[in-house]
$ cat start.csv   # CSV, N, CA and C atoms
chain,number,residue,atom,x,y,z
A,1,MET,N,89.6,100.7,95.3
A,1,MET,CA,90.9,100.7,95.8
A,1,MET,C,91.8,101.5,94.9
A,2,LYS,N,92.6,102.4,95.4
A,2,LYS,CA,93.5,103.2,94.7
A,2,LYS,C,94.9,102.8,95.0
A,3,LYS,N,95.8,102.7,94.0
A,3,LYS,CA,97.2,102.4,94.3
A,3,LYS,C,98.0,103.3,93.4
A,4,THR,N,99.2,103.6,93.9
A,4,THR,CA,100.2,104.4,93.1
A,4,THR,C,101.4,103.5,92.8
A,5,TYR,N,101.9,103.6,91.6
A,5,TYR,CA,103.1,102.7,91.2
A,5,TYR,C,104.2,103.6,90.6
A,6,LYS,N,105.4,103.3,90.9
A,6,LYS,CA,106.5,104.0,90.3
A,6,LYS,C,106.7,103.5,88.9
A,7,ILE,N,106.9,104.3,88.0
A,7,ILE,CA,107.1,103.9,86.6
A,7,ILE,C,108.4,104.5,86.0
A,8,GLU,N,108.9,104.0,84.9
A,8,GLU,CA,110.0,104.6,84.2
A,8,GLU,C,109.5,104.7,82.8
A,9,VAL,N,109.2,105.9,82.3
A,9,VAL,CA,108.7,106.2,81.0
A,9,VAL,C,109.6,107.3,80.4
A,10,ASP,N,110.0,107.2,79.1
A,10,ASP,CA,110.9,108.2,78.6
A,10,ASP,C,110.3,109.4,77.9
A,11,CYS,N,109.0,109.4,77.6
A,11,CYS,CA,108.5,110.5,76.9
A,11,CYS,C,107.1,110.8,77.4
A,12,PRO,N,106.7,112.1,77.4
A,12,PRO,CA,105.3,112.5,77.8
A,12,PRO,C,104.2,111.9,76.9
A,13,VAL,N,104.5,111.8,75.6
A,13,VAL,CA,103.5,111.3,74.7
A,13,VAL,C,103.2,109.8,75.0
A,14,CYS,N,104.3,109.1,75.3
A,14,CYS,CA,104.1,107.7,75.7
A,14,CYS,C,103.3,107.5,77.0
A,15,ALA,N,103.6,108.4,77.9
A,15,ALA,CA,102.9,108.4,79.2
A,15,ALA,C,101.4,108.6,79.0
A,16,GLY,N,101.1,109.6,78.1
A,16,GLY,CA,99.7,109.8,77.8
A,16,GLY,C,99.0,108.6,77.1
A,17,LYS,N,99.7,107.9,76.3
A,17,LYS,CA,99.2,106.7,75.6
A,17,LYS,C,99.0,105.6,76.7
A,18,MET,N,99.9,105.5,77.6
A,18,MET,CA,99.8,104.5,78.7
A,18,MET,C,98.5,104.8,79.6
A,19,GLU,N,98.3,106.1,79.8
A,19,GLU,CA,97.2,106.5,80.6
A,19,GLU,C,95.9,106.1,79.9
A,20,GLU,N,95.8,106.4,78.6
A,20,GLU,CA,94.6,106.1,77.9
A,20,GLU,C,94.4,104.6,77.9
A,21,GLN,N,95.4,103.8,77.7
A,21,GLN,CA,95.3,102.3,77.7
A,21,GLN,C,94.8,101.8,79.1
A,22,ALA,N,95.4,102.4,80.1
A,22,ALA,CA,95.0,102.0,81.5
A,22,ALA,C,93.5,102.3,81.7
A,23,LYS,N,93.1,103.5,81.3
A,23,LYS,CA,91.7,103.9,81.5
A,23,LYS,C,90.7,103.0,80.8
A,24,LYS,N,91.1,102.4,79.7
A,24,LYS,CA,90.2,101.5,78.9
A,24,LYS,C,90.2,100.1,79.5
A,25,HIS,N,91.1,99.7,80.3
A,25,HIS,CA,91.3,98.4,80.7
A,25,HIS,C,90.2,97.9,81.6
A,26,GLU,N,89.7,96.7,81.4
A,26,GLU,CA,88.6,96.2,82.3
A,26,GLU,C,89.1,96.0,83.7
A,27,GLY,N,88.3,96.5,84.6
A,27,GLY,CA,88.6,96.4,86.0
A,27,GLY,C,89.2,97.7,86.6
A,28,VAL,N,89.5,98.7,85.7
A,28,VAL,CA,90.1,99.9,86.1
A,28,VAL,C,89.0,101.0,86.0
A,29,LYS,N,88.8,101.7,87.1
A,29,LYS,CA,87.8,102.7,87.3
A,29,LYS,C,88.4,104.0,86.7
A,30,ASP,N,89.6,104.3,87.1
A,30,ASP,CA,90.3,105.5,86.6
A,30,ASP,C,91.8,105.3,86.7
A,31,ALA,N,92.6,106.1,85.9
A,31,ALA,CA,94.0,106.0,85.9
A,31,ALA,C,94.6,107.3,85.5
A,32,ALA,N,95.8,107.6,86.0
A,32,ALA,CA,96.6,108.8,85.6
A,32,ALA,C,98.0,108.4,85.6
A,33,VAL,N,98.7,108.9,84.6
A,33,VAL,CA,100.2,108.6,84.4
A,33,VAL,C,100.8,110.0,84.4
A,34,SER,N,101.8,110.2,85.2
A,34,SER,CA,102.5,111.5,85.2
A,34,SER,C,104.0,111.3,84.8
A,35,PHE,N,104.3,111.9,83.7
A,35,PHE,CA,105.7,111.8,83.2
A,35,PHE,C,106.6,112.6,84.1
A,36,LEU,N,106.2,113.7,84.6
A,36,LEU,CA,107.0,114.5,85.5
A,36,LEU,C,107.4,113.8,86.8
A,37,THR,N,106.4,113.2,87.4
A,37,THR,CA,106.7,112.5,88.7
A,37,THR,C,107.1,111.0,88.5
A,38,GLN,N,106.9,110.5,87.3
A,38,GLN,CA,107.2,109.1,87.0
A,38,GLN,C,106.3,108.2,87.9
A,39,LYS,N,105.0,108.5,87.9
A,39,LYS,CA,104.1,107.7,88.7
A,39,LYS,C,102.8,107.4,88.0
A,40,MET,N,102.3,106.2,88.2
A,40,MET,CA,101.0,105.8,87.7
A,40,MET,C,100.0,105.6,88.8
A,41,LYS,N,98.9,106.3,88.8
A,41,LYS,CA,97.9,106.1,89.8
A,41,LYS,C,96.7,105.4,89.2
A,42,VAL,N,96.3,104.3,89.8
A,42,VAL,CA,95.2,103.5,89.3
A,42,VAL,C,94.2,103.3,90.4
A,43,GLU,N,92.9,103.5,90.0
A,43,GLU,CA,91.8,103.2,90.8
A,43,GLU,C,91.1,102.0,90.2
A,44,PHE,N,91.0,100.9,91.0
A,44,PHE,CA,90.4,99.7,90.5
A,44,PHE,C,89.0,99.6,90.9
A,45,GLU,N,88.2,98.9,90.0
A,45,GLU,CA,86.8,98.5,90.3
A,45,GLU,C,86.8,97.7,91.6
A,46,GLU,N,85.6,97.7,92.2
A,46,GLU,CA,85.5,96.8,93.4
A,46,GLU,C,85.6,95.4,93.0
A,47,ASN,N,86.3,94.6,93.9
A,47,ASN,CA,86.6,93.2,93.7
A,47,ASN,C,87.5,92.9,92.5
A,48,ALA,N,88.2,93.9,91.9
A,48,ALA,CA,89.1,93.6,90.8
A,48,ALA,C,90.4,93.0,91.3
A,49,ASP,N,91.0,92.2,90.5
A,49,ASP,CA,92.3,91.6,90.9
A,49,ASP,C,93.4,92.5,90.4
A,50,ALA,N,93.9,93.4,91.3
A,50,ALA,CA,94.8,94.4,91.0
A,50,ALA,C,96.1,93.8,90.4
A,51,ALA,N,96.6,92.8,91.0
A,51,ALA,CA,97.9,92.2,90.5
A,51,ALA,C,97.8,91.7,89.1
A,52,LYS,N,96.7,91.0,88.8
A,52,LYS,CA,96.5,90.5,87.4
A,52,LYS,C,96.3,91.7,86.4
A,53,ILE,N,95.6,92.7,86.8
A,53,ILE,CA,95.4,93.9,86.0
A,53,ILE,C,96.7,94.5,85.7
A,54,MET,N,97.5,94.7,86.7
A,54,MET,CA,98.8,95.4,86.5
A,54,MET,C,99.8,94.6,85.7
A,55,ASN,N,99.7,93.3,85.8
A,55,ASN,CA,100.5,92.5,84.9
A,55,ASN,C,100.1,92.7,83.4
A,56,GLU,N,98.8,92.8,83.2
A,56,GLU,CA,98.3,93.0,81.8
A,56,GLU,C,98.7,94.4,81.4
A,57,LEU,N,98.6,95.4,82.3
A,57,LEU,CA,99.0,96.8,81.9
A,57,LEU,C,100.4,96.9,81.6
A,58,LYS,N,101.3,96.2,82.4
A,58,LYS,CA,102.7,96.2,82.1
A,58,LYS,C,103.0,95.7,80.6
A,59,ALA,N,102.3,94.6,80.2
A,59,ALA,CA,102.5,94.1,78.9
A,59,ALA,C,102.0,95.1,77.8
A,60,ALA,N,100.9,95.7,78.1
A,60,ALA,CA,100.3,96.7,77.2
A,60,ALA,C,101.2,97.9,77.1
A,61,CYS,N,101.8,98.4,78.2
A,61,CYS,CA,102.7,99.6,78.2
A,61,CYS,C,104.0,99.2,77.5
A,62,LYS,N,104.5,98.0,77.6
A,62,LYS,CA,105.7,97.6,76.9
A,62,LYS,C,105.5,97.7,75.4
A,63,LYS,N,104.3,97.5,74.9
A,63,LYS,CA,104.0,97.6,73.5
A,63,LYS,C,104.1,99.1,73.0
A,64,ILE,N,103.7,100.0,73.9
A,64,ILE,CA,103.8,101.4,73.6
A,64,ILE,C,105.3,101.9,73.7
A,65,GLU,N,106.0,101.5,74.8
A,65,GLU,CA,107.4,101.9,75.0
A,65,GLU,C,108.1,100.7,75.5
A,66,PRO,N,108.9,100.0,74.7
A,66,PRO,CA,109.5,98.7,75.2
A,66,PRO,C,110.4,98.9,76.4
A,67,ASP,N,111.0,100.1,76.7
A,67,ASP,CA,111.8,100.3,77.8
A,67,ASP,C,111.1,100.6,79.1
A,68,CYS,N,109.8,100.8,79.0
A,68,CYS,CA,108.9,101.2,80.1
A,68,CYS,C,109.0,100.1,81.2
A,69,GLU,N,109.0,100.6,82.5
A,69,GLU,CA,109.0,99.7,83.7
A,69,GLU,C,107.9,100.2,84.6
A,70,ILE,N,107.1,99.3,85.1
A,70,ILE,CA,106.1,99.7,86.2
A,70,ILE,C,106.5,98.8,87.4
A,71,TYR,N,106.8,99.4,88.5
A,71,TYR,CA,107.1,98.7,89.7
A,71,TYR,C,105.9,98.5,90.6
A,72,THR,N,105.5,97.2,90.6
A,72,THR,CA,104.3,96.9,91.4
A,72,THR,C,104.6,96.4,92.8
A,73,GLU,N,105.8,96.2,93.1
A,73,GLU,CA,106.2,95.8,94.5
A,73,GLU,C,107.2,96.7,95.1
$ encode --input "start.csv" --output "structure tokens"
Amino acid sequence: MKKTYKIEVDCPVCAGKMEEQAKKHEGVKDAAVSFLTQKMKVEFEENADAAKIMNELKAACKKIEPDCEIYTE
């Protein structure tokens, strides 16, 4: 399952770090974060709990950039 989320990230370096973090996360098959479009695309593993994973990714991204927002709804 693939989903696209609107994000707010202030710098391209932080966006790259968030992408790396998402790609390493259990349950994520692939991820891409675009600073220019302010979007995060995530491909989840089959039967993964997308809502739970995104809550965990939000917390991880806030550690990279405290002002970051990921809109999951």
$ closest_residue --input "start.csv" --among "A:Lys41, A:Tyr5, A:Cys11, A:Ile70" --to "Leu57 of chain A" --atoms "all atoms listed in the file"
A:Ile70
$ residues_around --input "start.csv" --residues "segment 60-68 of chain A" --least-positions-apart "3" --cutoff "10 Å" --atoms "only C-alpha atoms" --output "list in words"
Ile7, Glu8, Val9, Asp10, Cys11, Val13, Cys14, Ala15, Lys17, Met18, Glu19, Gln21, Ala22, His25, Met54, Asn55, Glu56 and Leu57 of chain A
$ write_last_selection --input "start.csv" --atoms "N, CA and C atoms" --output "short mmCIF file (atom, residue, chain, number, x, y, z; two decimals), in the coordinates of the input"
data_model
loop_
_atom_site.label_atom_id
_atom_site.label_comp_id
_atom_site.auth_asym_id
_atom_site.auth_seq_id
_atom_site.Cartn_x
_atom_site.Cartn_y
_atom_site.Cartn_z
N ILE A 7 106.90 104.30 88.00
CA ILE A 7 107.10 103.90 86.60
C ILE A 7 108.40 104.50 86.00
N GLU A 8 108.90 104.00 84.90
CA GLU A 8 110.00 104.60 84.20
C GLU A 8 109.50 104.70 82.80
N VAL A 9 109.20 105.90 82.30
CA VAL A 9 108.70 106.20 81.00
C VAL A 9 109.60 107.30 80.40
N ASP A 10 110.00 107.20 79.10
CA ASP A 10 110.90 108.20 78.60
C ASP A 10 110.30 109.40 77.90
N CYS A 11 109.00 109.40 77.60
CA CYS A 11 108.50 110.50 76.90
C CYS A 11 107.10 110.80 77.40
N VAL A 13 104.50 111.80 75.60
CA VAL A 13 103.50 111.30 74.70
C VAL A 13 103.20 109.80 75.00
N CYS A 14 104.30 109.10 75.30
CA CYS A 14 104.10 107.70 75.70
C CYS A 14 103.30 107.50 77.00
N ALA A 15 103.60 108.40 77.90
CA ALA A 15 102.90 108.40 79.20
C ALA A 15 101.40 108.60 79.00
N LYS A 17 99.70 107.90 76.30
CA LYS A 17 99.20 106.70 75.60
C LYS A 17 99.00 105.60 76.70
N MET A 18 99.90 105.50 77.60
CA MET A 18 99.80 104.50 78.70
C MET A 18 98.50 104.80 79.60
N GLU A 19 98.30 106.10 79.80
CA GLU A 19 97.20 106.50 80.60
C GLU A 19 95.90 106.10 79.90
N GLN A 21 95.40 103.80 77.70
CA GLN A 21 95.30 102.30 77.70
C GLN A 21 94.80 101.80 79.10
N ALA A 22 95.40 102.40 80.10
CA ALA A 22 95.00 102.00 81.50
C ALA A 22 93.50 102.30 81.70
N HIS A 25 91.10 99.70 80.30
CA HIS A 25 91.30 98.40 80.70
C HIS A 25 90.20 97.90 81.60
N MET A 54 97.50 94.70 86.70
CA MET A 54 98.80 95.40 86.50
C MET A 54 99.80 94.60 85.70
N ASN A 55 99.70 93.30 85.80
CA ASN A 55 100.50 92.50 84.90
C ASN A 55 100.10 92.70 83.40
N GLU A 56 98.80 92.80 83.20
CA GLU A 56 98.30 93.00 81.80
C GLU A 56 98.70 94.40 81.40
N LEU A 57 98.60 95.40 82.30
CA LEU A 57 99.00 96.80 81.90
C LEU A 57 100.40 96.90 81.60
#
$ atom_distance --input "start.csv" --atom1 "atom CA of Lys58 of chain A" --atom2 "atom N of Thr72 of chain A"
9.0 Å
$ closest_residue --input "start.csv" --among "A:Glu73, A:Lys23, A:Val28, A:Pro12" --to "Asp49 of chain A" --atoms "only C-alpha atoms"
A:Val28
$ axis_aligned_box --input "start.csv" --around "segment 28-31 of chain A" --padding-each-side "6 Å" --output "JSON"
{"center_x": 91.2, "center_y": 103.0, "center_z": 86.4, "size_x": 18.8, "size_y": 20.6, "size_z": 13.8}
$ select_by_dssp --input "start.csv" --residues "chain A" --states "strand (DSSP E or B)" --output "JSON, numbers by chain"
{"A": [2, 3, 4, 5, 6, 7, 8, 28, 29, 30, 31, 32, 33, 34, 39, 40, 41, 42, 43, 44, 69, 70, 71]}
$ write_last_selection --input "start.csv" --atoms "N, CA and C atoms" --output "mmCIF file, in the coordinates of the input"
data_model
loop_
_atom_site.group_PDB
_atom_site.id
_atom_site.type_symbol
_atom_site.label_atom_id
_atom_site.label_comp_id
_atom_site.auth_asym_id
_atom_site.auth_seq_id
_atom_site.Cartn_x
_atom_site.Cartn_y
_atom_site.Cartn_z
ATOM 1 N N LYS A 2 92.600 102.400 95.400
ATOM 2 C CA LYS A 2 93.500 103.200 94.700
ATOM 3 C C LYS A 2 94.900 102.800 95.000
ATOM 4 N N LYS A 3 95.800 102.700 94.000
ATOM 5 C CA LYS A 3 97.200 102.400 94.300
ATOM 6 C C LYS A 3 98.000 103.300 93.400
ATOM 7 N N THR A 4 99.200 103.600 93.900
ATOM 8 C CA THR A 4 100.200 104.400 93.100
ATOM 9 C C THR A 4 101.400 103.500 92.800
ATOM 10 N N TYR A 5 101.900 103.600 91.600
ATOM 11 C CA TYR A 5 103.100 102.700 91.200
ATOM 12 C C TYR A 5 104.200 103.600 90.600
ATOM 13 N N LYS A 6 105.400 103.300 90.900
ATOM 14 C CA LYS A 6 106.500 104.000 90.300
ATOM 15 C C LYS A 6 106.700 103.500 88.900
ATOM 16 N N ILE A 7 106.900 104.300 88.000
ATOM 17 C CA ILE A 7 107.100 103.900 86.600
ATOM 18 C C ILE A 7 108.400 104.500 86.000
ATOM 19 N N GLU A 8 108.900 104.000 84.900
ATOM 20 C CA GLU A 8 110.000 104.600 84.200
ATOM 21 C C GLU A 8 109.500 104.700 82.800
ATOM 22 N N VAL A 28 89.500 98.700 85.700
ATOM 23 C CA VAL A 28 90.100 99.900 86.100
ATOM 24 C C VAL A 28 89.000 101.000 86.000
ATOM 25 N N LYS A 29 88.800 101.700 87.100
ATOM 26 C CA LYS A 29 87.800 102.700 87.300
ATOM 27 C C LYS A 29 88.400 104.000 86.700
ATOM 28 N N ASP A 30 89.600 104.300 87.100
ATOM 29 C CA ASP A 30 90.300 105.500 86.600
ATOM 30 C C ASP A 30 91.800 105.300 86.700
ATOM 31 N N ALA A 31 92.600 106.100 85.900
ATOM 32 C CA ALA A 31 94.000 106.000 85.900
ATOM 33 C C ALA A 31 94.600 107.300 85.500
ATOM 34 N N ALA A 32 95.800 107.600 86.000
ATOM 35 C CA ALA A 32 96.600 108.800 85.600
ATOM 36 C C ALA A 32 98.000 108.400 85.600
ATOM 37 N N VAL A 33 98.700 108.900 84.600
ATOM 38 C CA VAL A 33 100.200 108.600 84.400
ATOM 39 C C VAL A 33 100.800 110.000 84.400
ATOM 40 N N SER A 34 101.800 110.200 85.200
ATOM 41 C CA SER A 34 102.500 111.500 85.200
ATOM 42 C C SER A 34 104.000 111.300 84.800
ATOM 43 N N LYS A 39 105.000 108.500 87.900
ATOM 44 C CA LYS A 39 104.100 107.700 88.700
ATOM 45 C C LYS A 39 102.800 107.400 88.000
ATOM 46 N N MET A 40 102.300 106.200 88.200
ATOM 47 C CA MET A 40 101.000 105.800 87.700
ATOM 48 C C MET A 40 100.000 105.600 88.800
ATOM 49 N N LYS A 41 98.900 106.300 88.800
ATOM 50 C CA LYS A 41 97.900 106.100 89.800
ATOM 51 C C LYS A 41 96.700 105.400 89.200
ATOM 52 N N VAL A 42 96.300 104.300 89.800
ATOM 53 C CA VAL A 42 95.200 103.500 89.300
ATOM 54 C C VAL A 42 94.200 103.300 90.400
ATOM 55 N N GLU A 43 92.900 103.500 90.000
ATOM 56 C CA GLU A 43 91.800 103.200 90.800
ATOM 57 C C GLU A 43 91.100 102.000 90.200
ATOM 58 N N PHE A 44 91.000 100.900 91.000
ATOM 59 C CA PHE A 44 90.400 99.700 90.500
ATOM 60 C C PHE A 44 89.000 99.600 90.900
ATOM 61 N N GLU A 69 109.000 100.600 82.500
ATOM 62 C CA GLU A 69 109.000 99.700 83.700
ATOM 63 C C GLU A 69 107.900 100.200 84.600
ATOM 64 N N ILE A 70 107.100 99.300 85.100
ATOM 65 C CA ILE A 70 106.100 99.700 86.200
ATOM 66 C C ILE A 70 106.500 98.800 87.400
ATOM 67 N N TYR A 71 106.800 99.400 88.500
ATOM 68 C CA TYR A 71 107.100 98.700 89.700
ATOM 69 C C TYR A 71 105.900 98.500 90.600
#
$ select_by_dssp --input "start.csv" --residues "chain A" --states "alpha helix (DSSP H)" --output "list of chain:residue names"
A:Pro12, A:Val13, A:Cys14, A:Ala15, A:Gly16, A:Lys17, A:Met18, A:Glu19, A:Glu20, A:Gln21, A:Ala22, A:Lys23, A:Lys24, A:Ala50, A:Ala51, A:Lys52, A:Ile53, A:Met54, A:Asn55, A:Glu56, A:Leu57, A:Lys58, A:Ala59, A:Ala60, A:Cys61, A:Lys62, A:Lys63, A:Ile64
$ atom_distance --input "start.csv" --atom1 "atom C of Lys52 of chain A" --atom2 "atom C of Gly27 of chain A"
9.3 Å
$ closest_residue --input "start.csv" --among "A:Glu69, A:Phe44, A:Val33, A:Glu26" --to "Lys3 of chain A" --atoms "all atoms listed in the file"
A:Phe44
$ atom_distance --input "start.csv" --atom1 "atom CA of Gly16 of chain A" --atom2 "atom CA of Asn47 of chain A"
26.5 Å
